[in-house]
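A.B. asks: Please see the structure below; I have some questions.
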Number of protein chains: 2
Amino acid sequence: MVYGQVPPAGKGGNQGNLLSNAARLFREKGFERTSLKEIAEACNMLPGSLYYRYSTKEALLVELMRRGVDLVTAEVEIAYACSADPVEKLRLCINAHLRALLVDSDAVYVLLFEWRALGPEAREEVIDLRDQYESLWASIIETMIAQGVVRKNVDGRLLRLIGLGALNWVATWFDPKGAHSLDAIGDFIWQIAIEGVINKDA
Amino acid sequence: MVYGQVPPAGKGGNQGNLLSNAARLFREKGFERTSLKEIAEACNMLPGSLYYRYSTKEALLVELMRRGVDLVTAEVEIAYACSADPVEKLRLCINAHLRALLVDSDAVYVLLFEWRALGPEAREEVIDLRDQYESLWASIIETMIAQGVVRKNVDGRLLRLIGLGALNWVATWFDPKGAHSLDAIGDFIWQIAIEGVINKDA
DNA sequence: GTCTATATGGGGATAGAC
DNA sequence: GTCTATCCCCATATAGAC
């Protein structure tokens with residue numbers, strides 16, 4: 001069931017504009033601290049007009065999150081197909097996730113950090129979508145374990161949760177003008193996953 | 001400057017109760033979605049009464065966050081002193097951080113996940129406090145690098161940010177009734193830091 | 001599709017009694 | 001210290017004109 005969506009969704013227009021404006025504002029200020037008035041202003045419209053597209057503010061958020069899942073899923077799937085080497089696949093997928101979260105779209109950030117704003121019904125849908133995305137990572141990791149690339153005694157589920165956590169938290173501190181490029185950060189995380197940080201010669 | 005604090009803070013009373021009720025609610029529902037009415041109800045009081053203790057809702061949040069920083073700092077400092085072995089120190093500190101965040105107090109969670117609710121002034125104070133805590137981790141890591149325990153070519157700042165990210169994100173999915181105890185999760189993260197997950201025999 | 005105008009409710013906050 | 005009473009604002013959402 002598709003929560004809160006307006007039936008035929010009109011003829012398409014510049015909905016994308018509305019969603020990306022909303023995504024940017026939700027990311028910058030958070031969902032509750034962003035009013036429909038602000039979103040409307042960003043689109044050169046008036047608050048009431050938004051209800052032609054979305055039945056509630058929450059429905060707008062849910063639609064945004066759907067786009068976020070679709071986007072990050074697509075990016076990681078493409079990255080996965082870009083190499084035959086399993087360890088290199090991992091590196092590419094890590095960087096794809098970071099790029100989707102921090103460069104390509106505000107929707108992925110909103111998806112990951114604003115789900116607590118959802119009521120029970122919408123929350124269920126979004127958690128399902130997020131789980132679908134995470135199952136992509138689950139299969140990436142399980143494949144690596146099956147191939148013997150990752151040690152068999154490593155818990156795949158824990159590895160996925162911890163790894164995605166390390167990636168997601170980057171969104172709280174990353175500075176595009178900072179010392180490290182996003183790819184450098186992704187490669188760093190990949191490096192830790194491969195061999196840790198301890199000096200074995202000591 | 002101590003933002004928003006009520007001057008002499010009265011004679012102590014059961015402020016801790018108020019703060020822990022607020023912390024629990026902020027953690028469960030988020031800051032904006034928790035009304036002063038709800039907090040007051042949890043304390044068997046009425047909304048207006050809260051203003052005797054805190055000049056604004058935000059000041060209450062800030063005080064909560066101060067407690068959160070103090071608590072997690074103390075826990076990690078104690079853990080650090082509990083072993084002489086640097087690698088074991090790291091394990092203990094990881095688990096101390098997780099315990100502070102997920103068992104000992106809701107304030108640490110609120111500190112880490114609700115800082116976006118703060119206005120510019122309060123935000124500056126809280127970010128300073130958080131930076132003080134992170135400098136504790138910075139010195140733990142720098143010491144390990146100086147001792148040659150961590151490879152010298154590893155960027156200490158990145159390691160701290162990524163590591164704390166992996167730890168903090170655990171708060172979004174940890175289930176006390178789940179398959180892994182908190183210590184098991186901490187040890188897993190520690191294990192990755194030490195040697196990664198890749199099978200070198202393959 | 002967007003605007004005008006407005007209903008409605010709840011939120012944080014205040015003043016002063018007790 | 002807590003309660004009573006209440007103010008004021010702003011947010012979401014609606015109805016109907018254009």
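In the structure tokens, the first chain shown is A, the next is B, and so on; residue numbers restart at 1 for each chain, and ligands run from 1 in the order shown.
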Residues of chain C that approach chain A to 10 Å or less, counting only C-alpha atoms (C1' of nucleotides): could you list each one with the shortest pair of atoms and its distance in Å to one decimal, rows by chain and increasing residue number, as JSON lines?
C.D. replies:
{"residue": "C:DG1", "atom": "C1'", "partner": "A:Tyr52", "partner_atom": "CA", "distance": 7.5}
{"residue": "C:DT2", "atom": "C1'", "partner": "A:Ser49", "partner_atom": "CA", "distance": 5.9}
{"residue": "C:DC3", "atom": "C1'", "partner": "A:Leu46", "partner_atom": "CA", "distance": 7.5}
{"residue": "C:DT4", "atom": "C1'", "partner": "A:Gly48", "partner_atom": "CA", "distance": 9.6}
A.B. asks: Using only C-alpha atoms (C1' of nucleotides), determine which residues lie at most 10 Å from range 7-17 of chain C, disregarding the query and same-chain residues fewer than 5 positions distant; provide the list as a PyMOL selection string.
C.D. replies: (chain B and resi 32+35-37+47-48+51+55-57) or (chain D and resi 3-15)
A.B. asks: Restricted to N, CA, C and O atoms (P, O5', C5', C4', C3', O3' and C1' of nucleotides), what would the selected residues look like written as a short mmCIF file (atom, residue, chain, number, x, y, z; two decimals), in the first residue's frame?
C.D. replies:
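Now in result.cif:
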data_model
loop_
_atom_site.label_atom_id
_atom_site.label_comp_id
_atom_site.auth_asym_id
_atom_site.auth_seq_id
_atom_site.Cartn_x
_atom_site.Cartn_y
_atom_site.Cartn_z
N GLU B 32 11.53 18.05 19.09
CA GLU B 32 10.38 18.84 18.64
C GLU B 32 9.06 18.12 18.85
O GLU B 32 8.03 18.76 19.03
N SER B 35 6.34 17.60 23.76
CA SER B 35 5.88 18.90 24.26
C SER B 35 6.23 19.02 25.75
O SER B 35 6.41 18.03 26.45
N LEU B 36 6.30 20.27 26.20
CA LEU B 36 6.54 20.51 27.62
C LEU B 36 5.44 19.88 28.46
O LEU B 36 5.68 19.46 29.59
N LYS B 37 4.26 19.82 27.90
CA LYS B 37 3.15 19.18 28.61
C LYS B 37 3.48 17.72 28.91
O LYS B 37 3.27 17.24 30.03
N PRO B 47 2.82 22.12 32.90
CA PRO B 47 3.80 22.71 31.98
C PRO B 47 4.47 23.97 32.52
O PRO B 47 5.70 24.09 32.45
N GLY B 48 3.68 24.88 33.05
CA GLY B 48 4.25 26.14 33.52
C GLY B 48 5.31 25.96 34.59
O GLY B 48 6.23 26.77 34.73
N TYR B 51 9.24 26.05 34.05
CA TYR B 51 9.98 27.30 33.84
C TYR B 51 10.64 27.80 35.11
O TYR B 51 11.45 28.73 35.07
N SER B 55 14.79 28.23 31.74
CA SER B 55 14.16 29.43 31.17
C SER B 55 13.47 29.15 29.84
O SER B 55 12.53 29.84 29.47
N THR B 56 13.93 28.15 29.11
CA THR B 56 13.28 27.77 27.85
C THR B 56 13.41 26.26 27.68
O THR B 56 14.20 25.60 28.37
N LYS B 57 12.65 25.75 26.75
CA LYS B 57 12.75 24.32 26.42
C LYS B 57 14.17 24.00 25.93
O LYS B 57 14.74 22.96 26.25
P DC D 3 2.15 21.26 39.96
"O5'" DC D 3 1.12 22.47 40.14
"C5'" DC D 3 0.33 22.54 41.33
"C4'" DC D 3 -0.64 23.71 41.23
"C3'" DC D 3 -1.53 23.66 39.98
"O3'" DC D 3 -2.87 23.89 40.35
"C1'" DC D 3 -0.39 25.75 40.10
P DT D 4 -4.04 23.67 39.28
"O5'" DT D 4 -4.50 25.14 38.89
"C5'" DT D 4 -4.74 26.10 39.89
"C4'" DT D 4 -5.09 27.43 39.23
"C3'" DT D 4 -5.93 27.30 37.95
"O3'" DT D 4 -7.04 28.18 38.06
"C1'" DT D 4 -3.98 28.60 37.53
P DA D 5 -8.20 28.13 36.96
"O5'" DA D 5 -7.80 29.34 36.02
"C5'" DA D 5 -7.22 30.53 36.57
"C4'" DA D 5 -6.63 31.36 35.44
"C3'" DA D 5 -7.37 31.21 34.10
"O3'" DA D 5 -7.81 32.48 33.70
"C1'" DA D 5 -5.03 30.95 33.81
P DT D 6 -8.75 32.64 32.38
"O5'" DT D 6 -7.73 33.30 31.38
"C5'" DT D 6 -6.61 34.05 31.90
"C4'" DT D 6 -5.51 34.10 30.87
"C3'" DT D 6 -6.01 34.09 29.41
"O3'" DT D 6 -5.54 35.26 28.79
"C1'" DT D 6 -4.12 32.70 29.67
P DC D 7 -6.14 35.72 27.41
"O5'" DC D 7 -4.98 36.65 26.84
"C5'" DC D 7 -3.85 36.96 27.70
"C4'" DC D 7 -2.56 36.87 26.91
"C3'" DC D 7 -2.76 37.12 25.41
"O3'" DC D 7 -1.81 38.08 24.98
"C1'" DC D 7 -1.64 35.03 25.77
P DC D 8 -2.13 38.84 23.63
"O5'" DC D 8 -1.04 38.16 22.71
"C5'" DC D 8 0.23 37.78 23.27
"C4'" DC D 8 0.87 36.80 22.32
"C3'" DC D 8 0.51 37.06 20.85
"O3'" DC D 8 1.71 37.13 20.14
"C1'" DC D 8 0.18 34.78 21.40
P DC D 9 1.71 37.85 18.72
"O5'" DC D 9 2.47 36.74 17.92
"C5'" DC D 9 3.49 36.00 18.62
"C4'" DC D 9 3.53 34.60 18.08
"C3'" DC D 9 3.44 34.53 16.56
"O3'" DC D 9 4.66 33.98 16.10
"C1'" DC D 9 2.05 32.89 17.59
P DC D 10 5.14 34.23 14.64
"O5'" DC D 10 5.19 32.73 14.08
"C5'" DC D 10 5.52 31.66 14.98
"C4'" DC D 10 4.85 30.40 14.51
"C3'" DC D 10 4.77 30.29 12.99
"O3'" DC D 10 5.28 29.05 12.62
"C1'" DC D 10 2.67 29.85 13.96
P DA D 11 5.79 28.72 11.24
"O5'" DA D 11 5.32 27.22 11.05
"C5'" DA D 11 5.38 26.30 12.16
"C4'" DA D 11 4.25 25.32 12.05
"C3'" DA D 11 3.88 24.99 10.62
"O3'" DA D 11 4.35 23.73 10.23
"C1'" DA D 11 1.92 25.49 11.95
P DT D 12 4.04 23.26 8.75
"O5'" DT D 12 2.66 22.48 8.84
"C5'" DT D 12 2.47 21.44 9.81
"C4'" DT D 12 1.01 21.05 9.83
"C3'" DT D 12 0.49 20.49 8.50
"O3'" DT D 12 -0.26 19.32 8.78
"C1'" DT D 12 -0.87 22.31 9.18
P DA D 13 -0.70 18.34 7.55
"O5'" DA D 13 -2.13 18.92 7.16
"C5'" DA D 13 -3.11 19.04 8.19
"C4'" DA D 13 -4.26 19.91 7.71
"C3'" DA D 13 -4.80 19.55 6.31
"O3'" DA D 13 -6.10 19.01 6.46
"C1'" DA D 13 -4.64 21.92 6.65
P DT D 14 -6.94 18.50 5.20
"O5'" DT D 14 -7.94 19.72 4.95
"C5'" DT D 14 -8.57 20.34 6.06
"C4'" DT D 14 -9.54 21.39 5.58
"C3'" DT D 14 -10.28 21.06 4.27
"O3'" DT D 14 -11.65 21.36 4.45
"C1'" DT D 14 -9.22 23.17 4.10
P DA D 15 -12.73 20.89 3.34
"O5'" DA D 15 -13.20 22.28 2.72
"C5'" DA D 15 -13.29 23.45 3.54
"C4'" DA D 15 -13.87 24.59 2.72
"C3'" DA D 15 -14.62 24.15 1.46
"O3'" DA D 15 -15.70 25.06 1.23
"C1'" DA D 15 -12.71 25.40 0.84
#
A.B. asks: Pick out the residues sitting within 12 Å of Ala202 in chain A, and hand them over as a list in words; count only C-alpha atoms (C1' of nucleotides), and ignore anything fewer than 5 positions along from it in its own chain.
C.D. replies: Met144, Ile145, Ala146, Gln147, Gly148, Val149, Val150, Arg151 and Lys152 of chain B
A.B. asks: Find the residues around Asn17 in chain B up to 12 Å (only C-alpha atoms (C1' of nucleotides) counted), leave out those fewer than 6 positions away in its own chain, and share them as a list in words.
C.D. replies: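 Using only C-alpha atoms (C1' of nucleotides), the neighbours found are Ala23, Arg24, Ile39, Ala40, Ala42, Cys43, Asn44, Met45 and Leu64 of chain B.
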A.B. asks: Interatomic distance between CA of Val103 in chain A and CA of Tyr109 in chain B?
C.D. replies: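 Going from CA of Val103 in chain A over to CA of Tyr109 in chain B, I get 26.8 Å.
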A.B. asks: Please report as a Markdown table every residue of chain B lying within 8 Å of chain A, along with the nearest atom pair and their distance in Å (one decimal), using only C-alpha atoms.
C.D. replies:
| residue | atom | partner | partner_atom | distance |
| --- | --- | --- | --- | --- |
| B:Lys29 | CA | A:Arg116 | CA | 7.2 |
| B:Gly30 | CA | A:Arg116 | CA | 7.4 |
| B:Glu32 | CA | A:Glu32 | CA | 6.7 |
| B:Arg116 | CA | A:Lys29 | CA | 7.2 |
| B:Gly148 | CA | A:Ala202 | CA | 6.7 |
| B:Val149 | CA | A:Asn199 | CA | 5.5 |
| B:Val150 | CA | A:Ile198 | CA | 4.5 |
| B:Arg151 | CA | A:Asn199 | CA | 4.7 |
| B:Val154 | CA | A:Val197 | CA | 6.9 |
| B:Leu158 | CA | A:Ile185 | CA | 7.7 |
| B:Leu161 | CA | A:Val170 | CA | 7.7 |
| B:Ile162 | CA | A:Ala166 | CA | 5.5 |
| B:Gly163 | CA | A:Ala166 | CA | 6.9 |
| B:Leu164 | CA | A:Ala166 | CA | 7.8 |
| B:Gly165 | CA | A:Ala166 | CA | 4.8 |
| B:Ala166 | CA | A:Ala166 | CA | 4.1 |
| B:Leu167 | CA | A:Gly165 | CA | 7.7 |
| B:Asn168 | CA | A:Gly165 | CA | 7.7 |
| B:Trp169 | CA | A:Gly165 | CA | 4.9 |
| B:Val170 | CA | A:Gly165 | CA | 7.0 |
| B:Ile185 | CA | A:Leu158 | CA | 7.6 |
| B:Phe188 | CA | A:Leu158 | CA | 8.0 |
| B:Ile189 | CA | A:Ile162 | CA | 7.4 |
| B:Ile192 | CA | A:Gly196 | CA | 5.8 |
| B:Ala193 | CA | A:Gly196 | CA | 4.5 |
| B:Ile194 | CA | A:Gly196 | CA | 4.8 |
| B:Glu195 | CA | A:Gly196 | CA | 4.2 |
| B:Gly196 | CA | A:Gly196 | CA | 4.2 |
| B:Val197 | CA | A:Val150 | CA | 5.6 |
| B:Ile198 | CA | A:Val150 | CA | 4.5 |
| B:Asn199 | CA | A:Arg151 | CA | 4.8 |
| B:Ala202 | CA | A:Val149 | CA | 6.7 |
